[in-house]
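**Q** Okay, here's the structure, questions in a sec.
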Amino acid sequence: MTGQHAGTTSGGTSGSGDANASLDTAGDASVDDALAALQAGEPILVHDAADREGETDLIYHADFVTPDAVARLRNDAGGLVCVALGHETAEAFDLPFYGEEVDHPATADHQLGYDERSSFSLTVNHRDTYTGITDNDRSTTIQALGEAAADPDATAFAEEFRVPGHVHLLKGAPELLAQREGHTELGLALAAETTLSPAVVVCEMLDDETGEALSPADARAYAADHEFAYLEGRDVIDRLA
């Protein structure tokens, strides 16, 4: 699938929203399968909900985001590559919500159709990177964030990372899924059930043919083709909230 988004390989089923409601979910992975995959460094796919963003994200733990993984995220997913950090970890790094930090009129009346607020924080590059945008540079930044999240008190964040950068940070809700049900919290709730740090990469899967989010049917087909775990957000919430 190198060089194209997932939506270009699914036999013309992209955008078939009416069929998705009655789609057979027998092939979906269990939460335990997804946890084992994350722990082993493999990506998983998580669809939030049709009445929320209605998007499927490709999710890795930050520790395992190699340059090849960055290439998969930008080629096969195609959305924004973000690192979600647990709330306490973000607080330890003194990371704000972006909308609360910027003094600009455009931050006023920021209403979302799918949630009360955005999770966006700052954008960062690791100080060992050059431009920060290459697969190698973003891998360096992301893996360093995963390592820092494992021991926030031992990390001098401003000495290790610079702002602005090419990796978007997301700040998880304090009570995770009990407070918010976005991909930020879904990914972090899964990571919390492993031995890994509270740092996961999320990236929306897009469809080249429709220009919209990849349909659940096509996301499932992609997961099956690559033997990746696919989960519905409701299954994560029912198990972990």
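A note on labels: chains of the structure tokens are A, B, ... as shown, every chain counts residues from 1, and ligands are counted from 1 in their shown order.
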Can you list every residue of segment 123-190 of chain A that has an atom at most 10 Å from segment 50-54 of chain A, with its nearest atom pair and the distance in Å to one decimal, using only C-alpha atoms, ordered by chain then number, as JSON lines?
**A**
{"residue": "A:Glu181", "atom": "CA", "partner": "A:Arg52", "partner_atom": "CA", "distance": 8.8}
{"residue": "A:Gly182", "atom": "CA", "partner": "A:Arg52", "partner_atom": "CA", "distance": 8.2}
{"residue": "A:His183", "atom": "CA", "partner": "A:Glu53", "partner_atom": "CA", "distance": 9.3}
**Q** Can you tell me, as a PyMOL selection string, what residues are no more than 9 Å from Leu80 of chain A when counting only C-alpha atoms, ignoring any on the same chain fewer than 3 positions away?
**A** chain A and resi 73-74+77+167-168+202-204
**Q** Counting only C-alpha atoms, which residue out of A:Asp225, A:Asp76, A:Asp151, A:Asp109 sits closest to Met205 of chain A?
**A**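 Under the stated criterion, the closest residue is A:Asp76.
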**Q** So which bits of segment 12-222 of chain A end up helix (DSSP H, G or I) when you DSSP the backbone, as a VMD selection string?
**A** chain A and resid 17 to 20 31 to 39 62 to 64 67 to 77 87 to 92 98 to 101 105 to 107 135 to 150 152 to 154 157 to 160 176 to 178 183 to 192 216 to 222
**Q** Can you tell me how far atom CA of Ala29 of chain A sits from atom CA of Gly146 of chain A, in Å to one decimal?
**A**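 Here the two named atoms are 25.1 Å from each other.
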**Q** Residues within 10 Å of Pro198 of chain A, please, as a PyMOL selection string. Count only C-alpha atoms; anything in the same chain fewer than 3 positions from it doesn't count.
**A** chain A and resi 61-62+83-90+145-150+172+187-195
**Q** Kindly indicate which residue among A:Asp48, A:Glu91, A:Glu212, A:Asp137 lies nearest to Gly79 of chain A, using only C-alpha atoms for the distances.
**A**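 So, comparing all the options, the nearest one is A:Glu212.
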**Q** Considering only C-alpha atoms, state which residue in the set A:Leu240, A:Leu169, A:Ala158, A:Ala34 is at the smallest distance from Phe93 of chain A.
**A**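 Once distances to Phe93 of chain A are computed over only C-alpha atoms, the minimum belongs to A:Ala158.
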**Q** Can you tell me how far atom CA of Leu170 of chain A sits from atom CA of Val200 of chain A, in Å to one decimal?
**A**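 Atom-to-atom, atom CA of Leu170 of chain A to atom CA of Val200 of chain A, that is 9.6 Å.
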